[in-house]
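Q: Pasting a structure below so you can have a look.
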Amino acid sequence: MAISKLRFTCTPHLIGLVAILLLSICANPSLIHALAESDFDSDILLFHQDYTPPAPPPPPPHPPSLSCESDLGGIGSLDTTCQILSNLNLSKDVYVEGKGNFVIGANVAVNCSSFFGCELAINVTGNFTLGENSSIICGTFQLAADYASFGNGSTVNTTGLAGDPPAQTSGTPQGVDGAGGGHGGRGAACLKDKSKLPEDVWGGDAYAWSTLGKPWSYGSKGGTTSREVDYGGGGGGRVQFLVSKLLEVNASILADGGDGGTRGGGGSGGSIFIKAYKMIGIGRISACGGIGYAGGGGGRVSVDIFSRHDDPVISVHGGSSLGCPENAGAAGTLYDLVPRSLTVSNHQKSTYTDTLLMDFPQPFLTNVYIRNQAKAAVPLLWSRVQVQGQISLLSGGVLSFGLAHYSMSEFELLAEELLMSDSVIRVFGALRMSVKMFLMWNSEMLIDGGGDENVETSSLEASNLIVLREKSIIHSNANLGVHGQGLLNLTGPGDCIEAQRLVLSLFYSINVGPGSVLRGPLKNSSDETVTPKLHCDSQDCPAELLHPPEDCNVNSSLSFTLQICRVEDILVEGFVEGSVVHFHRARTISVQSSGIISTSGMGCHGGVGQGNVLSNGLGSGGGHGGRGGMGCYNGSCIEGGISYGDANLPCELGSGSGNDSLAMSTAGGGILVIGSLEHPLLSLYIKGSVTADGDSFNGDFLGKNDSTGNMIIGPGGGSGGTILLFLRNLDIGESGNLSSVGGHGSLSGGGGGGGGRIHFHWSDIPTGDVYWPIATLNGTIHTGGGLGGNEGHMGENGTVSGKSCPKGLYGVFCEECPVGTYKNVTGSDRSLCSSCPSDDLPNRALYVHVRGGITETPCPYKCISDRYHMPRCYTALEELINTFGGPWLFGLLLLGLLILLALVLSVARMKFIGVDELPGPAPTQQGSQIDHSFPFLESLNEVMETNRVEESQSHVHRMYFMGPNTFSDPWHLPHTPPEQVKEIVYEGAFNNFVDEINALAAYQWWEGAVHTILCIFAYPFAWSWQQWRRRLKLQKIREFVRSEYDHACLRSCRSRALYEGLKVAATPDLMLAYVDFFLGGDEKRDDLPPRLHQRFPMSLLFGGDGSYMTPFTLHNDNIITSLMSQAVPPTTWYRFVAGLNAQLRLVRRGCLRAKFRPVLQWLETFANPALRSCGVHVDLAWFRDTTDGCCHYGLLVYAVEEMDRLSLGHHGEPGIEQHARYAFSPKKYTSTLNTEVTLLFYCYSCHYGVCKFYETAAMLFDIHGLYVFAISHLKMFHFI
């Protein structure tokens, strides 16, 4: 695009400048190379205006433009449209410029391959078109246009036509090895010197890294195998597209290196730079190395395209090597300027040759992709690889830092993500990596510290996530710190992180999956310079084991070989191994059934308690927690290693068989420390194995001779190491194993190793009421000695100890002292739990368990049965007797109490009989003070005002069930509807309703039979049975009326639809039931529902039968209260009902004549005077059904006017005989029992102050068959 802006004016000044420039080039040929290496071309191309004085014009980059017709043999003009329709052969560099379009027709070839480095530049303002199946062949092709189109099958080919590469580069290999040329990647070289490694040999070197974004260098020529003939393939040429708008590529754009065949190396790929606003098409862009005896390196491709709609194939891989197929040329570079991403891909061609990544450009790259067998290297010392996005190694990609034989550099790798899949990162020196996410899939990171103490520590930091899957390995032969803030997950078999000294820190969680490994130090390491030094000959406890530093950094001066520091939760399902393993500032550690934490055999081969070895190789076991076993052979024995260390706070390595110079020597167990004094572990769950066992001898050397001819017997076993646990809670599952046992000696007679030491240093042991067991033990804990071979002796057992327990607790795990013992001192020995004094324990008592143990006497106890009462476990009678001074004094007091009770009962009886014999209380004088007023009428606060339901306003009539609801006499309703409901029911449907109700109310024969049997054999249950069946019967009736019956007997459509016209209820004793009739709201009757005075006289029946369990009771509900509130205030009515029920409770069956008298007296004295002010009078009444003789007692309520009208006159004079005669005047009323009630008055007379009563028995048999007697005016009566 920039070239199209250039304009050249043929002035004398310009011709002079060109001449001066040509003379300068001829005088100084190196200027050509300097100009090629510089960026002056790009600066000229970016020039947008013509020359204007006074600034001197830049030197022309090209010769004058050729014309369309005369020079190119085309049709048209370069300022309009120039068409090349026939083949064109060029023999010199060509520059074409115009304001129009440039078209190369279909099947046309433009060839400028007569000499290497031939340049063809086309600069047009309009469109450029390369027709289908056309080709452009040259060393350099430059295009600048607004639009460019490369048709199907067309080609821009600069393969093997490169000019000279930049000066002072070594892209072309020297010698006659047939090596490949280098450019973006090194050329390959087939290894002939077997003393070297394949990585140490390569062909031509890489160059032009500084022009990564705008490559403009020729590829290099390949080497040859002959000194006489140069068989090497040529380097790739240069291609540059500058398209301001749309670029369509369906062609092949080639800048590949030339092939060298079997006798020459392949040339390296050239350079391709494409810049466009938008690109479409599915063409092929290639700057690959050439094929040869050794393949050439790939070239460099850079694209700067704002909008890319299709993905053409872009290749920069190295060329194949015919002489060594496993070592192709190194891949070149593909740089995308828009996302600033670098891709190194070798098209699945295996290679040992590197693509060099030098200083990373600024601004930083966003992404780096190394894939498809590409092998990239960062060779500089102290290099920093920093990208803003992702570094991705895929499909065999390899990234190397440093030089293989010079591990003395330190490298930094910074990115957002590091993703590895089937790939390798090699570091020769130290690596400081900082990413947010590090994912590995079947990949390796190998760090070679090289023994240099300056670069012996590497650090890998991933702030969010580190995941290893599918046998991924992180390996360092020096110190390695792995840090993060999220999750470290080794998912499965083969996943491994190992180093000579390994520190994992700052993660939220670490998961060591099944089959995965964390290890430090390495096994069988040959590099002694960075191997951690173990303190085998010292009995002093290193301070860092008890008080570790807080920084969690890798520190080679500390004794730890594997430390996990500041990690919240650790899940071990794999294998964790080390010599001195430390878990610091963790919260929980869970060792699953497949998990192992081991320091077994990782301790000392010698040590403080090392075994002894005779000249014949016979060895005894190493000692630690217990002495090592003696080694014996043919009657000669040798003592085992000594016991050493502190059982209460052990921190020593186990000792070995005693001769670490022998390959067959055994080692003791290592040290495992979990937690610290300042930061104990919260919880340790063990379902797998946690071991620090001594090493066992597995060979058999009996009868074998060493180099001096002496027979070798075999060494003893190593002693167990140390497991030191600072924790708060321990849970060992059934499959869990905590072990520090000695190793077994050789079968020839070696002694067994002594057991190690296990110590539980508990923190914050709960006591008293907050005590909770700090250990749950379902697995095993072993510190036994190892077995001796043949005549050899077994090693002594080691020790298991715990922190001293507080009062009340004992043992290693601070358990509660057994029941019946107490402990009032600090310590862990079982003998400190003393037996409780037997004198303090009553005969009927047992000692009880106390949470947290018993710390002081007396020991708590409880009685053997609830019959006995604390504190002396007496029965209630014994306690009472002892309370009052013993049996004798209690007997005297009881006798006196019985005498006093007899006197009280005698007085009460005389008073009771006296009251019964009195004719009645004396009339109260007007205005006199009443001393025995009814207490239930005294206070309104004793009665709650209930809410009356709205349905009471539509109530019409209440119809009582007949019968007491017994098995022999169940509830039943009469078939004739009452007068009050005849207007709202259909009589025929009502009879059907009554039949269904009576059928439901009837009992089965077996229910009565069960009741009879219970009455005979279990009378108390008979009443419960009867009440249960009554309740079920009521539920069935109510459910039937509520939901099953369709209310067909009601005239109201609304009542039938809503099922609200009939409701059944009963008294709480389930002996009296009733049916309430309600209006539906659509009757349009002004006379319904009737008012209270229209319902008089109104009968209210008592529930109950006068027995103890079911006394007589007036049941009051919202409907009765609402009706009575029309005349009587609710509070007065509540007080009346409460007072009446209190009187009725004293009425009992069998002596009704005597017990109803106080009720009658209360009605006349208190109730009716209070109700009279409300215009209401109540009488006690007897309702009898003539059909079966069943009777009910209740109240008859009517207006005071009726009472006054029925009463006759009363005459008399003071001081003389008075006679009061009441004429018998029966009056019929309609009652709520659907019958006419006859109100009866009984005459009495008084003579000389003595009342004599006469009883008049009168009955009225009405059409409904009920006798009703009003007996409220009787003082004495009997029943007919």
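Ordered as shown in the structure tokens, chains take letters A, B, and onward, while each chain numbers its residues from 1 and ligands are numbered from 1 in the order shown.
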DSSP on the backbone, then: every residue of stretch 513-634 of chain A marked strand (DSSP E), written as an MDAnalysis selection string.

A: chainID A and resid 517:520 562:565 569:572 575:578 580:584 588:591 596:598 631:633

Q: Do you know which residues are at most 7 Å from A:Ser409 counting only C-alpha atoms, after dropping those on the same chain fewer than 4 positions away, and could you put them as a VMD selection string?

A: chain A and resid 381 to 382 402 429 to 430 455

Q: Extract, using only C-alpha atoms, all DNA, RNA and protein residues at most 12 Å from A:Val825, discarding same-chain residues fewer than 2 positions from it, and format them as a short mmCIF file (atom, residue, chain, number, x, y, z; two decimals) with N, CA and C atoms, in the first residue's frame.

A:
```
data_model
loop_
_atom_site.label_atom_id
_atom_site.label_comp_id
_atom_site.auth_asym_id
_atom_site.auth_seq_id
_atom_site.Cartn_x
_atom_site.Cartn_y
_atom_site.Cartn_z
N SER A 804 1.66 -35.35 78.19
CA SER A 804 1.05 -35.56 79.50
C SER A 804 -0.39 -35.08 79.50
N CYS A 805 -1.27 -35.93 80.02
CA CYS A 805 -2.70 -35.64 80.00
C CYS A 805 -3.10 -34.82 81.22
N PRO A 806 -4.10 -33.96 81.08
CA PRO A 806 -4.60 -33.21 82.24
C PRO A 806 -5.35 -34.11 83.21
N LYS A 807 -5.84 -33.53 84.28
CA LYS A 807 -6.55 -34.28 85.30
C LYS A 807 -7.77 -34.97 84.70
N GLY A 808 -8.01 -36.20 85.15
CA GLY A 808 -9.16 -36.94 84.69
C GLY A 808 -8.91 -37.78 83.46
N LEU A 809 -7.79 -37.56 82.76
CA LEU A 809 -7.50 -38.26 81.52
C LEU A 809 -6.17 -39.00 81.66
N TYR A 810 -6.01 -40.06 80.89
CA TYR A 810 -4.79 -40.86 80.99
C TYR A 810 -4.48 -41.48 79.63
N CYS A 817 -10.42 -41.59 82.53
CA CYS A 817 -10.12 -42.67 83.46
C CYS A 817 -11.33 -43.59 83.58
N TYR A 822 -10.43 -42.01 89.67
CA TYR A 822 -10.26 -40.57 89.51
C TYR A 822 -8.78 -40.27 89.36
N LYS A 823 -8.48 -39.10 88.78
CA LYS A 823 -7.08 -38.69 88.58
C LYS A 823 -7.00 -37.19 88.81
N GLY A 827 -0.44 -36.21 83.97
CA GLY A 827 0.38 -37.33 83.55
C GLY A 827 -0.41 -38.26 82.67
N SER A 828 0.28 -39.25 82.10
CA SER A 828 -0.37 -40.16 81.17
C SER A 828 -0.38 -41.60 81.64
N ASP A 829 0.29 -41.93 82.73
CA ASP A 829 0.38 -43.31 83.17
C ASP A 829 -0.96 -43.81 83.67
N ARG A 830 -1.27 -45.06 83.36
CA ARG A 830 -2.54 -45.65 83.80
C ARG A 830 -2.65 -45.74 85.31
N SER A 831 -1.53 -45.91 85.98
CA SER A 831 -1.56 -46.06 87.43
C SER A 831 -1.97 -44.78 88.15
N LEU A 832 -1.96 -43.65 87.46
CA LEU A 832 -2.37 -42.39 88.08
C LEU A 832 -3.88 -42.31 88.28
N CYS A 833 -4.64 -43.19 87.64
CA CYS A 833 -6.09 -43.25 87.84
C CYS A 833 -6.35 -44.10 89.08
N SER A 834 -6.62 -43.45 90.21
CA SER A 834 -6.81 -44.15 91.49
C SER A 834 -8.26 -44.55 91.67
N ILE A 854 -13.04 -38.05 86.08
CA ILE A 854 -13.25 -37.55 87.45
C ILE A 854 -11.92 -37.03 87.96
N THR A 855 -11.92 -35.80 88.41
CA THR A 855 -10.68 -35.15 88.85
C THR A 855 -10.54 -35.10 90.36
N GLU A 856 -11.61 -35.22 91.09
CA GLU A 856 -11.55 -35.14 92.55
C GLU A 856 -12.57 -36.10 93.14
#
```

Q: For atom CA of A:Leu545 and atom CA of A:Cys496, determine how far apart the two atoms are, in Å to one decimal place.

A: 25.6 Å

Q: Which residue is closest to A:Thr155? Choose from A:Gly283, A:Gly675, A:Gly811, A:Pro1020 and count only C-alpha atoms.

A: A:Gly283

Q: Using only C-alpha atoms, which protein or nucleic acid residues come within 6 Å of A:Asp93? Drop anything in the same chain fewer than 4 positions from it, and give the result as a PyMOL selection string.

A: chain A and resi 118-120

Q: Do you know which residues are at most 9 Å from stretch 292-295 of chain A counting only C-alpha atoms, after dropping those on the same chain fewer than 5 positions away, and could you put them as a PyMOL selection string?

A: chain A and resi 177-181+187-190+203+222-225+232-233+258-268+318-325+327-330

Q: With C-alpha atoms retained, export the selected residues as a PDB file, in the first residue's frame.

A:
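Done, and the output landed in selection27.pdb:
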```pdb
ATOM      1  CA  ASP A 177      28.715 -32.891   6.292  1.00  0.00           C
ATOM      2  CA  GLY A 178      25.715 -32.136   4.119  1.00  0.00           C
ATOM      3  CA  ALA A 179      24.027 -30.137   6.897  1.00  0.00           C
ATOM      4  CA  GLY A 180      20.939 -28.049   6.274  1.00  0.00           C
ATOM      5  CA  GLY A 181      20.814 -24.290   6.069  1.00  0.00           C
ATOM      6  CA  GLY A 187      19.496 -26.569   9.927  1.00  0.00           C
ATOM      7  CA  ALA A 188      19.835 -30.211  10.823  1.00  0.00           C
ATOM      8  CA  ALA A 189      23.096 -32.143  10.861  1.00  0.00           C
ATOM      9  CA  CYS A 190      23.401 -35.896  10.877  1.00  0.00           C
ATOM     10  CA  GLY A 203      23.887 -27.221  10.631  1.00  0.00           C
ATOM     11  CA  GLY A 222      22.378 -25.990   2.445  1.00  0.00           C
ATOM     12  CA  GLY A 223      25.735 -27.700   2.899  1.00  0.00           C
ATOM     13  CA  THR A 224      27.320 -30.217   0.576  1.00  0.00           C
ATOM     14  CA  THR A 225      28.996 -33.600   0.927  1.00  0.00           C
ATOM     15  CA  GLY A 232      23.321 -27.885  -1.253  1.00  0.00           C
ATOM     16  CA  GLY A 233      19.809 -26.646  -1.892  1.00  0.00           C
ATOM     17  CA  GLY A 258      15.601 -25.824  -2.100  1.00  0.00           C
ATOM     18  CA  ASP A 259      16.092 -29.566  -1.917  1.00  0.00           C
ATOM     19  CA  GLY A 260      19.655 -30.913  -1.654  1.00  0.00           C
ATOM     20  CA  GLY A 261      18.941 -34.536  -2.425  1.00  0.00           C
ATOM     21  CA  THR A 262      21.010 -37.294  -0.870  1.00  0.00           C
ATOM     22  CA  ARG A 263      24.321 -35.476  -1.341  1.00  0.00           C
ATOM     23  CA  GLY A 264      23.472 -31.998  -0.162  1.00  0.00           C
ATOM     24  CA  GLY A 265      21.723 -30.293   2.712  1.00  0.00           C
ATOM     25  CA  GLY A 266      18.387 -28.637   2.251  1.00  0.00           C
ATOM     26  CA  GLY A 267      18.193 -24.885   2.054  1.00  0.00           C
ATOM     27  CA  SER A 268      16.411 -22.941   4.728  1.00  0.00           C
ATOM     28  CA  GLY A 318      11.990 -27.804   8.788  1.00  0.00           C
ATOM     29  CA  GLY A 319      12.929 -29.999   5.916  1.00  0.00           C
ATOM     30  CA  SER A 320      13.178 -33.768   6.156  1.00  0.00           C
ATOM     31  CA  SER A 321      16.619 -35.357   6.564  1.00  0.00           C
ATOM     32  CA  LEU A 322      17.307 -38.263   4.242  1.00  0.00           C
ATOM     33  CA  GLY A 323      20.521 -39.178   6.051  1.00  0.00           C
ATOM     34  CA  CYS A 324      18.978 -39.122   9.542  1.00  0.00           C
ATOM     35  CA  PRO A 325      15.184 -39.260   9.290  1.00  0.00           C
ATOM     36  CA  ASN A 327      16.379 -35.353  12.909  1.00  0.00           C
ATOM     37  CA  ALA A 328      14.614 -32.975  10.556  1.00  0.00           C
ATOM     38  CA  GLY A 329      15.480 -29.315  10.285  1.00  0.00           C
ATOM     39  CA  ALA A 330      14.220 -27.039  13.030  1.00  0.00           C
TER      40      ALA A 330
END
```
